[in-house]
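Chemist: Okay, so here is start18.txt, and as you'll see once you scroll down, it has compact mmCIF, C-alpha atoms.
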# COMPACT_ATOMS: atom_id res chain seq x y z
CA MET A 1 1.18 21.13 33.85
CA ALA A 2 -0.06 19.27 30.83
CA PRO A 3 -0.80 15.62 31.35
CA SER A 4 1.76 13.22 29.97
CA THR A 5 1.31 11.78 26.50
CA LEU A 6 0.31 8.35 27.74
CA SER A 7 -2.27 9.48 30.28
CA ALA A 8 -3.80 11.88 27.72
CA ALA A 9 -3.89 9.05 25.19
CA LEU A 10 -5.63 6.77 27.67
CA LEU A 11 -8.19 9.48 28.32
CA ILE A 12 -8.95 9.83 24.60
CA ALA A 13 -9.15 6.07 24.18
CA ARG A 14 -11.58 5.88 27.10
CA LYS A 15 -13.72 8.63 25.58
CA ASP A 16 -13.90 6.85 22.21
CA LEU A 17 -14.68 3.51 23.80
CA ALA A 18 -17.38 5.10 26.00
CA ILE A 19 -19.03 6.56 22.88
CA GLU A 20 -18.81 3.19 21.17
CA PHE A 21 -20.06 1.33 24.23
CA ARG A 22 -23.12 3.56 24.51
CA THR A 23 -24.11 3.40 20.86
CA ARG A 24 -22.55 0.06 19.82
CA THR A 25 -23.44 0.83 16.20
CA ALA A 26 -19.97 0.36 14.72
CA PHE A 27 -19.20 -2.72 16.79
CA PHE A 28 -22.34 -4.56 15.81
CA SER A 29 -22.09 -3.63 12.15
CA ALA A 30 -18.45 -4.73 12.05
CA LEU A 31 -19.30 -7.95 13.86
CA VAL A 32 -22.29 -8.81 11.68
CA PHE A 33 -20.18 -7.95 8.63
CA ALA A 34 -17.44 -10.32 9.80
CA LEU A 35 -19.87 -13.17 10.50
CA LEU A 36 -21.64 -12.65 7.17
CA GLY A 37 -18.31 -12.67 5.38
CA ILE A 38 -17.28 -15.91 7.05
CA VAL A 39 -20.57 -17.55 6.07
CA ILE A 40 -20.62 -16.21 2.50
CA PHE A 41 -17.05 -17.33 1.81
CA TYR A 42 -17.93 -20.83 2.94
CA PHE A 43 -20.71 -21.04 0.40
CA ALA A 44 -18.72 -19.37 -2.36
CA TRP A 45 -16.44 -22.41 -2.61
CA ASP A 46 -17.33 -26.00 -3.29
CA PRO A 47 -16.47 -27.74 0.02
CA THR A 48 -15.78 -30.99 -1.81
CA ALA A 49 -13.16 -29.25 -3.98
CA VAL A 50 -11.53 -26.94 -1.43
CA ALA A 51 -11.14 -28.26 2.10
CA PRO A 52 -12.31 -25.83 4.84
CA ILE A 53 -8.86 -26.13 6.42
CA ASP A 54 -7.33 -24.61 3.28
CA LEU A 55 -9.97 -21.92 3.08
CA ALA A 56 -10.13 -20.85 6.73
CA PRO A 57 -6.83 -18.92 7.07
CA GLY A 58 -7.46 -16.74 4.03
CA VAL A 59 -11.05 -16.06 5.02
CA LEU A 60 -10.13 -15.31 8.63
CA TRP A 61 -7.52 -12.67 7.79
CA GLY A 62 -9.27 -11.27 4.72
CA ILE A 63 -12.42 -10.66 6.75
CA PHE A 64 -10.34 -9.31 9.64
CA THR A 65 -8.97 -6.55 7.40
CA PHE A 66 -12.31 -5.59 5.93
CA SER A 67 -14.18 -5.53 9.24
CA GLY A 68 -11.29 -3.58 10.75
CA LEU A 69 -11.79 -0.93 8.07
CA LEU A 70 -15.40 -0.49 9.21
CA GLY A 71 -14.25 0.44 12.69
CA LEU A 72 -11.40 2.64 11.51
CA GLN A 73 -13.73 4.71 9.37
CA ARG A 74 -15.55 5.92 12.44
CA SER A 75 -12.42 6.74 14.38
CA PHE A 76 -12.09 10.30 13.13
CA GLY A 77 -15.55 10.43 11.59
CA ILE A 78 -17.09 10.85 15.06
CA GLU A 79 -14.93 13.94 15.64
CA GLN A 80 -16.38 15.67 12.58
CA ALA A 81 -19.79 16.24 14.22
CA ASP A 82 -19.91 19.75 15.71
CA ARG A 83 -16.19 20.02 14.87
CA ALA A 84 -15.34 18.10 18.04
CA ILE A 85 -11.86 17.68 16.60
CA ASP A 86 -11.21 21.39 17.28
CA ALA A 87 -11.70 20.78 21.00
CA LEU A 88 -9.27 17.85 20.85
CA LEU A 89 -6.71 19.97 19.02
CA GLY A 90 -7.20 22.85 21.43
CA ALA A 91 -6.51 20.64 24.43
CA PRO A 92 -3.07 21.14 26.02
CA ILE A 93 -1.82 17.71 25.04
CA PRO A 94 0.79 16.60 22.53
CA ARG A 95 -0.55 15.75 19.07
CA GLU A 96 0.92 12.26 19.35
CA ALA A 97 -1.41 11.62 22.30
CA ILE A 98 -4.45 12.08 20.04
CA TYR A 99 -3.08 9.55 17.57
CA LEU A 100 -2.08 7.12 20.30
CA GLY A 101 -5.45 7.39 22.06
CA LYS A 102 -7.39 6.87 18.84
CA ALA A 103 -5.17 3.93 17.93
CA MET A 104 -5.64 2.30 21.35
CA ALA A 105 -9.42 2.61 21.10
CA ASN A 106 -9.28 1.12 17.60
CA LEU A 107 -7.10 -1.73 18.85
CA VAL A 108 -9.67 -2.62 21.51
CA PHE A 109 -12.39 -2.42 18.86
CA VAL A 110 -10.57 -4.67 16.38
CA ALA A 111 -9.60 -7.14 19.12
CA ALA A 112 -13.22 -7.32 20.33
CA VAL A 113 -14.38 -8.23 16.81
CA GLN A 114 -11.60 -10.84 16.56
CA VAL A 115 -12.55 -12.42 19.88
CA ILE A 116 -15.92 -13.34 18.36
CA ALA A 117 -14.93 -13.80 14.71
CA ILE A 118 -12.09 -16.28 15.34
CA PRO A 119 -14.26 -18.73 17.32
CA ALA A 120 -16.90 -18.31 14.60
CA VAL A 121 -14.38 -19.55 12.03
CA GLU A 122 -13.63 -22.54 14.26
CA LEU A 123 -17.36 -23.20 14.61
CA PHE A 124 -18.43 -22.79 10.98
CA TYR A 125 -15.36 -24.28 9.30
CA GLY A 126 -14.70 -27.02 11.84
CA VAL A 127 -10.97 -26.25 11.98
CA PRO A 128 -8.94 -26.72 15.19
CA LEU A 129 -7.98 -23.08 15.85
CA PHE A 130 -8.22 -23.42 19.63
CA GLU A 131 -5.53 -26.07 19.73
CA HIS A 132 -3.16 -23.28 18.72
CA ALA A 133 -4.66 -20.58 20.93
CA ALA A 134 -1.38 -19.08 22.15
CA PRO A 135 0.43 -18.58 18.80
CA LEU A 136 -2.85 -17.54 17.19
CA ALA A 137 -3.48 -14.90 19.86
CA LEU A 138 0.02 -13.55 19.27
CA LEU A 139 -0.63 -13.44 15.50
CA ALA A 140 -3.95 -11.69 16.07
CA LEU A 141 -2.36 -9.10 18.34
CA LEU A 142 0.57 -8.35 16.02
CA SER A 143 -1.71 -8.08 12.98
CA ALA A 144 -4.15 -5.86 14.83
CA ILE A 145 -1.38 -3.47 15.93
CA GLY A 146 -0.13 -3.06 12.36
CA LEU A 147 -3.62 -2.64 10.93
CA VAL A 148 -4.59 -0.07 13.54
CA ALA A 149 -1.31 1.88 13.29
CA VAL A 150 -1.72 2.53 9.58
CA GLY A 151 -5.53 2.65 9.56
CA THR A 152 -5.80 5.27 12.30
CA LEU A 153 -3.49 7.64 10.44
CA PHE A 154 -5.34 7.17 7.15
CA SER A 155 -8.68 7.60 8.91
CA ALA A 156 -7.48 10.99 10.14
CA MET A 157 -6.52 11.91 6.58
CA ALA A 158 -9.56 10.47 4.81
CA VAL A 159 -12.14 12.49 6.78
CA ASN A 160 -10.62 15.74 5.51
CA THR A 161 -10.89 14.78 1.85
CA LYS A 162 -13.78 15.06 -0.60
CA LEU A 163 -14.06 11.28 -0.87
CA ALA A 164 -14.18 10.84 2.93
CA GLU A 165 -14.66 7.21 3.94
CA MET A 166 -14.43 5.99 0.35
CA LEU A 167 -10.75 6.84 0.32
CA LEU A 168 -9.80 4.74 3.36
CA PRO A 169 -9.82 1.30 1.66
CA VAL A 170 -7.91 2.62 -1.38
CA LEU A 171 -5.17 4.01 0.84
CA SER A 172 -5.09 1.26 3.47
CA LEU A 173 -5.43 -2.02 1.62
CA PRO A 174 -1.98 -2.02 -0.03
CA PHE A 175 -0.55 -1.49 3.46
CA PHE A 176 -2.46 -4.50 4.78
CA VAL A 177 -0.82 -6.87 2.30
CA PRO A 178 2.28 -7.44 4.48
CA ILE A 179 -0.11 -8.13 7.38
CA VAL A 180 -2.56 -10.49 5.68
CA ILE A 181 0.10 -12.62 3.94
CA PRO A 182 2.13 -13.45 7.10
CA ALA A 183 -0.99 -13.90 9.24
CA ALA A 184 -2.73 -16.20 6.77
CA GLN A 185 0.41 -18.18 5.94
CA ALA A 186 1.27 -18.66 9.62
CA THR A 187 -2.30 -19.73 10.42
CA ALA A 188 -2.21 -22.23 7.56
CA ARG A 189 1.05 -23.68 8.96
CA LEU A 190 -0.49 -23.99 12.43
CA LEU A 191 -3.63 -25.66 11.10
CA ALA A 192 -1.55 -28.06 9.02
CA GLY A 193 0.08 -29.18 12.26
CA ARG A 194 3.53 -27.95 11.32
CA PRO A 195 5.99 -27.21 14.13
CA GLU A 196 5.59 -23.75 15.61
CA SER A 197 9.16 -22.87 14.69
CA GLU A 198 7.97 -22.61 11.08
CA ILE A 199 5.94 -19.50 11.79
CA VAL A 200 8.77 -17.61 13.51
CA GLY A 201 9.82 -15.94 10.24
CA TRP A 202 6.29 -14.67 9.62
CA LEU A 203 6.02 -13.41 13.20
CA LYS A 204 9.29 -11.51 12.80
CA LEU A 205 7.97 -9.87 9.65
CA LEU A 206 4.84 -8.75 11.54
CA VAL A 207 6.90 -7.42 14.46
CA ALA A 208 9.11 -5.45 12.06
CA PHE A 209 6.06 -4.04 10.29
CA ASP A 210 4.52 -2.99 13.62
CA ILE A 211 7.68 -1.26 14.83
CA VAL A 212 8.27 0.62 11.58
CA PHE A 213 4.69 1.73 11.04
CA VAL A 214 3.77 2.58 14.64
CA ALA A 215 6.83 4.85 14.74
CA ALA A 216 6.35 6.30 11.25
CA CYS A 217 2.62 6.94 11.67
CA MET A 218 3.08 8.56 15.06
CA LEU A 219 5.71 10.89 13.58
CA ALA A 220 3.54 11.62 10.56
CA PHE A 221 0.32 12.25 12.47
CA PRO A 222 0.97 15.90 13.43
CA PHE A 223 1.26 16.68 9.71
CA THR A 224 -2.22 15.31 8.99
CA ILE A 225 -4.07 17.73 11.24
CA GLU A 226 -6.01 20.50 9.58
CA GLU A 227 -4.99 23.64 11.45
CA MET B 1 7.38 22.66 -28.59
CA ASP B 2 9.54 22.15 -25.57
CA TRP B 3 13.16 21.40 -26.53
CA LEU B 4 13.70 18.65 -23.95
CA PHE B 5 10.50 16.95 -25.00
CA ALA B 6 11.61 17.08 -28.64
CA ILE B 7 14.99 15.57 -27.76
CA ALA B 8 13.29 12.83 -25.72
CA VAL B 9 10.92 11.93 -28.55
CA ILE B 10 13.81 11.78 -31.03
CA ALA B 11 15.80 9.63 -28.57
CA ILE B 12 12.89 7.22 -28.14
CA ALA B 13 12.41 7.02 -31.92
CA ALA B 14 16.12 6.36 -32.39
CA ALA B 15 16.16 3.72 -29.67
CA LEU B 16 13.13 1.96 -31.17
CA THR B 17 14.68 2.05 -34.65
CA ARG B 18 17.78 0.39 -33.25
CA VAL B 19 15.68 -2.14 -31.33
CA ILE B 20 13.71 -3.12 -34.43
CA TYR B 21 16.31 -2.98 -37.20
CA TYR B 22 19.79 -3.11 -35.75
CA THR B 23 19.54 -5.51 -32.81
CA PRO B 24 19.79 -9.27 -33.39
CA PHE B 25 17.01 -11.66 -32.45
CA GLU B 26 17.45 -13.59 -29.25
CA ALA B 27 18.15 -17.23 -30.14
CA ILE B 28 15.28 -18.91 -28.28
CA GLN B 29 12.65 -16.22 -27.73
CA GLY B 30 12.89 -14.67 -31.18
CA PRO B 31 11.26 -11.28 -31.82
CA ALA B 32 9.22 -11.46 -28.59
CA GLN B 33 12.34 -10.67 -26.58
CA LYS B 34 12.61 -7.22 -28.16
CA ILE B 35 9.94 -5.92 -25.82
CA PHE B 36 12.66 -6.22 -23.18
CA TYR B 37 14.16 -2.95 -24.45
CA LEU B 38 10.94 -1.18 -23.48
CA HIS B 39 10.11 -3.21 -20.43
CA LEU B 40 13.30 -2.86 -18.39
CA PRO B 41 13.99 0.84 -19.10
CA ALA B 42 10.36 1.66 -18.25
CA ALA B 43 10.68 -0.28 -14.97
CA LEU B 44 13.91 1.48 -14.04
CA ALA B 45 12.42 4.88 -14.88
CA ALA B 46 9.37 4.03 -12.74
CA PHE B 47 11.51 3.03 -9.75
CA PHE B 48 13.52 6.21 -10.18
CA ALA B 49 10.28 8.22 -10.33
CA PHE B 50 9.01 6.76 -7.05
CA GLY B 51 12.39 7.37 -5.45
CA VAL B 52 12.03 11.03 -6.41
CA VAL B 53 8.53 11.05 -4.88
CA ALA B 54 9.88 9.73 -1.57
CA LEU B 55 12.78 12.19 -1.42
CA ALA B 56 10.64 15.16 -2.47
CA SER B 57 8.04 14.16 0.15
CA ILE B 58 10.58 14.03 2.96
CA ALA B 59 12.05 17.34 1.84
CA TYR B 60 8.59 18.90 1.66
CA LEU B 61 7.67 18.00 5.23
CA TRP B 62 11.02 19.40 6.30
CA LEU B 63 11.16 22.61 4.26
CA GLY B 64 7.53 23.19 3.27
CA ASP B 65 8.47 24.49 -0.17
CA PRO B 66 5.51 24.06 -2.60
CA ARG B 67 7.96 23.41 -5.45
CA LEU B 68 8.92 20.13 -3.79
CA ASP B 69 5.27 19.13 -3.65
CA ARG B 70 4.87 19.87 -7.35
CA ALA B 71 7.96 17.79 -8.09
CA ALA B 72 6.52 14.85 -6.09
CA GLU B 73 3.17 15.22 -7.83
CA SER B 74 4.72 15.29 -11.30
CA SER B 75 7.09 12.42 -10.64
CA ALA B 76 4.34 10.23 -9.16
CA GLU B 77 2.09 10.75 -12.14
CA VAL B 78 4.83 9.97 -14.66
CA GLY B 79 5.91 7.01 -12.49
CA VAL B 80 2.40 5.56 -12.66
CA VAL B 81 2.45 5.91 -16.45
CA PHE B 82 5.76 4.05 -16.66
CA THR B 83 4.54 1.36 -14.24
CA THR B 84 1.49 0.94 -16.46
CA VAL B 85 3.84 0.46 -19.42
CA VAL B 86 5.72 -2.19 -17.42
CA LEU B 87 2.48 -3.96 -16.49
CA ILE B 88 1.31 -3.97 -20.11
CA THR B 89 4.57 -4.97 -21.79
CA GLY B 90 5.23 -7.65 -19.12
CA PRO B 91 2.20 -9.86 -19.86
CA LEU B 92 2.66 -9.30 -23.61
CA TRP B 93 6.15 -10.72 -23.29
CA ALA B 94 5.21 -13.41 -20.76
CA ARG B 95 2.45 -14.89 -22.90
CA PRO B 96 4.65 -16.24 -25.72
CA VAL B 97 7.71 -16.91 -23.53
CA TRP B 98 6.30 -18.27 -20.26
CA GLY B 99 2.99 -19.43 -21.74
CA THR B 100 0.97 -17.31 -19.34
CA TRP B 101 -0.12 -13.68 -19.12
CA TRP B 102 0.47 -13.41 -15.42
CA THR B 103 2.24 -15.29 -12.66
CA TRP B 104 2.49 -14.45 -8.96
CA ASP B 105 6.22 -14.10 -9.09
CA ALA B 106 7.63 -11.83 -6.39
CA ARG B 107 8.76 -9.15 -8.80
CA LEU B 108 5.49 -9.07 -10.72
CA THR B 109 3.46 -8.86 -7.55
CA LEU B 110 5.63 -6.05 -6.21
CA THR B 111 5.21 -4.06 -9.42
CA LEU B 112 1.46 -4.51 -9.27
CA PHE B 113 1.37 -3.24 -5.70
CA LEU B 114 3.61 -0.30 -6.60
CA TRP B 115 1.00 0.61 -9.14
CA PHE B 116 -1.77 0.34 -6.52
CA ILE B 117 0.14 2.46 -3.99
CA TYR B 118 0.83 5.31 -6.37
CA VAL B 119 -2.58 5.22 -8.02
CA GLY B 120 -3.90 5.60 -4.46
CA TYR B 121 -1.50 8.52 -4.06
CA LEU B 122 -2.98 10.21 -7.14
CA VAL B 123 -6.53 9.49 -5.95
CA LEU B 124 -5.65 11.15 -2.63
CA ARG B 125 -4.28 14.21 -4.43
CA GLY B 126 -7.45 14.45 -6.48
CA ALA B 127 -9.61 14.32 -3.37
CA ILE B 128 -8.21 17.44 -1.66
CA ASP B 129 -8.73 21.01 -2.85
CA ASP B 130 -6.69 22.95 -0.31
CA PRO B 131 -3.11 23.10 -1.70
CA SER B 132 -1.20 23.04 1.60
CA LEU B 133 -3.33 20.22 3.05
CA ARG B 134 -2.96 18.28 -0.19
CA ALA B 135 0.80 18.76 -0.11
CA ARG B 136 1.13 17.56 3.49
CA TYR B 137 -1.13 14.54 3.06
CA SER B 138 0.55 13.51 -0.17
CA ALA B 139 3.96 13.83 1.44
CA VAL B 140 2.87 11.59 4.33
CA LEU B 141 1.57 8.97 1.90
CA GLY B 142 4.64 9.34 -0.32
CA ILE B 143 6.90 8.55 2.63
CA LEU B 144 4.78 5.72 4.06
CA GLY B 145 4.48 4.20 0.59
CA SER B 146 8.24 4.02 0.23
CA LEU B 147 8.49 2.38 3.68
CA LEU B 148 5.91 -0.18 2.58
CA ILE B 149 7.78 -1.35 -0.52
CA PRO B 150 10.40 -3.49 1.31
CA PHE B 151 7.66 -5.14 3.40
CA ILE B 152 5.59 -6.07 0.39
CA HIS B 153 8.69 -7.32 -1.36
CA LEU B 154 9.68 -9.49 1.61
CA SER B 155 6.21 -10.92 2.18
CA VAL B 156 5.58 -11.81 -1.46
CA TYR B 157 9.10 -13.20 -1.75
CA LEU B 158 8.64 -15.45 1.30
CA PHE B 159 5.20 -16.37 0.00
CA ARG B 160 6.69 -17.60 -3.24
CA THR B 161 9.59 -19.50 -1.74
CA LEU B 162 7.29 -21.24 0.72
CA HIS B 163 5.12 -22.32 -2.19
CA PRO B 164 7.47 -22.94 -5.09
CA ARG B 165 5.79 -23.02 -8.46
CA PRO B 166 6.38 -26.24 -10.32
CA ILE B 167 6.74 -25.11 -13.94
CA VAL B 168 7.16 -21.39 -14.25
CA ILE B 169 10.82 -20.72 -14.77
CA LYS B 170 11.87 -17.13 -14.84
CA PRO B 171 14.84 -16.82 -17.18
CA SER B 172 17.71 -15.50 -15.12
CA ALA B 173 19.28 -12.46 -16.70
CA PRO B 174 21.59 -13.76 -19.39
CA SER B 175 24.82 -11.96 -19.97
CA LEU B 176 23.86 -9.86 -22.94
CA PRO B 177 25.90 -9.82 -26.12
CA PRO B 178 27.38 -6.36 -26.79
CA GLU B 179 24.85 -5.34 -29.48
CA MET B 180 21.96 -6.06 -27.16
CA LEU B 181 23.59 -4.32 -24.22
CA THR B 182 24.21 -1.21 -26.32
CA THR B 183 20.58 -1.20 -27.44
CA LEU B 184 19.46 -1.58 -23.83
CA LEU B 185 21.64 1.31 -22.68
CA ILE B 186 20.44 3.56 -25.52
CA SER B 187 16.87 2.66 -24.71
CA PHE B 188 17.49 3.35 -21.04
CA VAL B 189 18.92 6.79 -21.75
CA ALA B 190 15.98 7.52 -24.06
CA PHE B 191 13.49 6.53 -21.36
CA MET B 192 15.22 8.64 -18.73
CA LEU B 193 15.14 11.62 -21.09
CA PHE B 194 11.47 10.94 -21.70
CA TYR B 195 10.88 10.75 -17.94
CA LEU B 196 12.63 14.09 -17.38
CA ALA B 197 10.75 15.72 -20.24
CA LEU B 198 7.37 14.49 -18.99
CA VAL B 199 8.08 15.51 -15.39
CA ARG B 200 9.23 18.93 -16.58
CA GLN B 201 6.03 19.43 -18.56
CA ARG B 202 3.89 18.15 -15.72
CA TYR B 203 5.71 20.37 -13.25
CA ARG B 204 5.01 23.42 -15.39
CA LEU B 205 1.35 22.49 -15.55
CA ALA B 206 1.27 22.23 -11.75
CA SER B 207 2.96 25.62 -11.40
CA GLU B 208 0.50 27.26 -13.77
CA ARG B 209 -2.40 25.65 -11.91
CA ASP B 210 -1.17 26.91 -8.54
CA LEU B 211 -0.58 30.36 -10.01
CA LEU B 212 -4.10 30.40 -11.42
CA ALA B 213 -5.55 29.34 -8.07
CA LEU B 214 -3.63 32.16 -6.43
CA GLU B 215 -4.95 34.69 -8.97
CA GLU B 216 -8.49 33.49 -8.50
CA ALA B 217 -8.23 33.66 -4.73
CA ARG B 218 -7.16 37.30 -4.97
What is this structure when it is put down as structure tokens?
Modeler:
Amino acid sequence: MAPSTLSAALLIARKDLAIEFRTRTAFFSALVFALLGIVIFYFAWDPTAVAPIDLAPGVLWGIFTFSGLLGLQRSFGIEQADRAIDALLGAPIPREAIYLGKAMANLVFVAAVQVIAIPAVELFYGVPLFEHAAPLALLALLSAIGLVAVGTLFSAMAVNTKLAEMLLPVLSLPFFVPIVIPAAQATARLLAGRPESEIVGWLKLLVAFDIVFVAACMLAFPFTIEE
Amino acid sequence: MDWLFAIAVIAIAAALTRVIYYTPFEAIQGPAQKIFYLHLPAALAAFFAFGVVALASIAYLWLGDPRLDRAAESSAEVGVVFTTVVLITGPLWARPVWGTWWTWDARLTLTLFLWFIYVGYLVLRGAIDDPSLRARYSAVLGILGSLLIPFIHLSVYLFRTLHPRPIVIKPSAPSLPPEMLTTLLISFVAFMLFYLALVRQRYRLASERDLLALEEAR
């Protein structure tokens, strides 16, 4: 009896996270990239002309997307060595489980980077993000789900092309627009001390995006596998 | 020369002649407004082209017929050309009328992202050699791209309404006088003919290419 989709997915996620935990190369490069980005953006603007509170939301979510891409690139890249992907495909599990497992591992990865990068924005920009911890955590989770849903699928596609990892940003970034805009706008509202009801519309947009693209990407994934 | 292509070229020439010589100037915008007869038909043809890409992509994943993939490929390429025309004629028109080349209006932003999505689609096609893999991947992106369009539209629309621009006023579509409407319709038909002719040519090229690949593989 083949294991159920969810338990197989958890197994794959655990495998990917174990590889990442033992090497930690992608995590540290994504983290250092995020911190560098946060610092560079601060110096790229004149702080007397643009207040850090206006700058922080855009920087936070812009950097979040780019550092997320670094992690996503590895997702299927690690399966290319010794054609490990063949073993995954040969396993008696549904194809959706492979996608789901990869996506869960990527979600943990992206969330782990966020857990350090968001406090870093608070620290370097001196903006009161922690006062809005609960809505911000919800925003971070919803954005991460959408980013990972689309990014995992494109990562699976990109590794089989001639351009490999160079293709991932070209394919993914247009899809991250409806994530970055709501996340940054909602964060700006929170930081400006507006009532939380003002961000409900943006949250709904993110939820809709997550539902549509998690479903669509899971359905599309079996078509992206090289038989 | 291909007969449909010849008809399309004649239709475009006729439409342009009518635009230049037989259509009155708009009262306020003057001659600058005449670019409208290129701009709107090109935009409609581009939207139509991307609609064809989405439908052909869905049908390809369902039926697996390589002809559907060639249709999606051809339509996407022609759609990108028409979107480029829209993105070039738009700023040319906006500069004298709005006083700026570009503004982050919802519709402009959406068109720009359409261009990015389908240029990405063409880049993806160019990056895969195996025909069946290329067809499947392109179909997946063709479908996801069409799902993305409403989300981009909604987010840029909300973005704009939350931050209203003080000066930029987009002229709401005026009810056109009959001469202008006729010109627009003629121009639209000409552009659709041109779209069909280009896609037909491009489709033939794709067929020949696939045939050649098959011969070489033998």
Chemist: List as a PyMOL selection string the protein and nucleic acid residues near range 86-96 of chain B, meaning an atom at most 9 Å away when only C-alpha atoms are counted, but skip any in the same chain fewer than 3 places from it.
Modeler: chain B and resi 29+32-36+38-43+46+81-83+99-103+108+111-112+115
Chemist: Measuring between only C-alpha atoms, which one of B:Leu154, B:Ala71, B:Val189, B:Leu212 shows the shortest distance to chain A?
Modeler: B:Leu154
Chemist: Please identify all polymer residues within 12 Å of Thr182 in chain B, counting only C-alpha atoms, omitting same-chain residues fewer than 6 positions from it, and present them as a compact mmCIF listing (two decimals) with C-alpha atoms, in the frame of the given file.
Modeler:
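So part.txt came out as:
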# COMPACT_ATOMS: atom_id res chain seq x y z
CA ALA B 15 16.16 3.72 -29.67
CA ARG B 18 17.78 0.39 -33.25
CA VAL B 19 15.68 -2.14 -31.33
CA TYR B 22 19.79 -3.11 -35.75
CA THR B 23 19.54 -5.51 -32.81
CA PRO B 24 19.79 -9.27 -33.39
CA TYR B 37 14.16 -2.95 -24.45
CA LEU B 176 23.86 -9.86 -22.94
CA PHE B 188 17.49 3.35 -21.04
CA VAL B 189 18.92 6.79 -21.75
Chemist: When the cut-off is 9 Å and we count all atoms listed in the file, which residues of chain B are near chain A, given as a PyMOL selection string?
Modeler: chain B and resi 61+113-114+116-117+119-121+123-124+126-129+133-134+136-137+140-141+143-145+147-148+151-156+158-159
Chemist: Could you pull the residues within 7 Å of Val52 in chain B, counting all atoms listed in the file, minus those fewer than 4 positions along the same chain, as a PyMOL selection string?
Modeler: chain B and resi 48+56+72+75
Chemist: Restricting it to C-alpha atoms, dump the selection as a PDB file, in the frame of the given file.
Modeler:
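Just written: selection_24.pdb:
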ATOM      1  CA  PHE B  48      13.520   6.210 -10.180  1.00  0.00           C
ATOM      2  CA  ALA B  56      10.640  15.160  -2.470  1.00  0.00           C
ATOM      3  CA  ALA B  72       6.520  14.850  -6.090  1.00  0.00           C
ATOM      4  CA  SER B  75       7.090  12.420 -10.640  1.00  0.00           C
TER       5      SER B  75
END
Chemist: May I have the residues within 12 Å of Phe64 in chain A as a PyMOL selection string, using only C-alpha atoms and disregarding those fewer than 5 positions away in the same chain?
Modeler: chain A and resi 30-31+33-35+37-38+56-59+69-71+109-118+121+140-141+143-144+147-148+173+176+179-180+183-184
Chemist: Write the residues you've just listed into a file as a PDB file, keeping the file's coordinate frame, and include C-alpha atoms for each of them.
Modeler:
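Output contents, as saved in result-v5.pdb:
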ATOM      1  CA  ALA A  30     -18.450  -4.730  12.050  1.00  0.00           C
ATOM      2  CA  LEU A  31     -19.300  -7.950  13.860  1.00  0.00           C
ATOM      3  CA  PHE A  33     -20.180  -7.950   8.630  1.00  0.00           C
ATOM      4  CA  ALA A  34     -17.440 -10.320   9.800  1.00  0.00           C
ATOM      5  CA  LEU A  35     -19.870 -13.170  10.500  1.00  0.00           C
ATOM      6  CA  GLY A  37     -18.310 -12.670   5.380  1.00  0.00           C
ATOM      7  CA  ILE A  38     -17.280 -15.910   7.050  1.00  0.00           C
ATOM      8  CA  ALA A  56     -10.130 -20.850   6.730  1.00  0.00           C
ATOM      9  CA  PRO A  57      -6.830 -18.920   7.070  1.00  0.00           C
ATOM     10  CA  GLY A  58      -7.460 -16.740   4.030  1.00  0.00           C
ATOM     11  CA  VAL A  59     -11.050 -16.060   5.020  1.00  0.00           C
ATOM     12  CA  LEU A  69     -11.790  -0.930   8.070  1.00  0.00           C
ATOM     13  CA  LEU A  70     -15.400  -0.490   9.210  1.00  0.00           C
ATOM     14  CA  GLY A  71     -14.250   0.440  12.690  1.00  0.00           C
ATOM     15  CA  PHE A 109     -12.390  -2.420  18.860  1.00  0.00           C
ATOM     16  CA  VAL A 110     -10.570  -4.670  16.380  1.00  0.00           C
ATOM     17  CA  ALA A 111      -9.600  -7.140  19.120  1.00  0.00           C
ATOM     18  CA  ALA A 112     -13.220  -7.320  20.330  1.00  0.00           C
ATOM     19  CA  VAL A 113     -14.380  -8.230  16.810  1.00  0.00           C
ATOM     20  CA  GLN A 114     -11.600 -10.840  16.560  1.00  0.00           C
ATOM     21  CA  VAL A 115     -12.550 -12.420  19.880  1.00  0.00           C
ATOM     22  CA  ILE A 116     -15.920 -13.340  18.360  1.00  0.00           C
ATOM     23  CA  ALA A 117     -14.930 -13.800  14.710  1.00  0.00           C
ATOM     24  CA  ILE A 118     -12.090 -16.280  15.340  1.00  0.00           C
ATOM     25  CA  VAL A 121     -14.380 -19.550  12.030  1.00  0.00           C
ATOM     26  CA  ALA A 140      -3.950 -11.690  16.070  1.00  0.00           C
ATOM     27  CA  LEU A 141      -2.360  -9.100  18.340  1.00  0.00           C
ATOM     28  CA  SER A 143      -1.710  -8.080  12.980  1.00  0.00           C
ATOM     29  CA  ALA A 144      -4.150  -5.860  14.830  1.00  0.00           C
ATOM     30  CA  LEU A 147      -3.620  -2.640  10.930  1.00  0.00           C
ATOM     31  CA  VAL A 148      -4.590  -0.070  13.540  1.00  0.00           C
ATOM     32  CA  LEU A 173      -5.430  -2.020   1.620  1.00  0.00           C
ATOM     33  CA  PHE A 176      -2.460  -4.500   4.780  1.00  0.00           C
ATOM     34  CA  ILE A 179      -0.110  -8.130   7.380  1.00  0.00           C
ATOM     35  CA  VAL A 180      -2.560 -10.490   5.680  1.00  0.00           C
ATOM     36  CA  ALA A 183      -0.990 -13.900   9.240  1.00  0.00           C
ATOM     37  CA  ALA A 184      -2.730 -16.200   6.770  1.00  0.00           C
TER      38      ALA A 184
END
Chemist: Calculated over all atoms listed in the file, which of the candidates A:Ile145, A:Phe28, A:Ala18, A:Leu60 has the smallest distance to Val207 in chain A?
Modeler: A:Ile145
Chemist: One decimal, in Å: what's the spacing between CA of Arg107 in chain B and CA of Tyr157 in chain B?
Modeler: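 Separation between CA of Arg107 in chain B and CA of Tyr157 in chain B: 8.1 Å.
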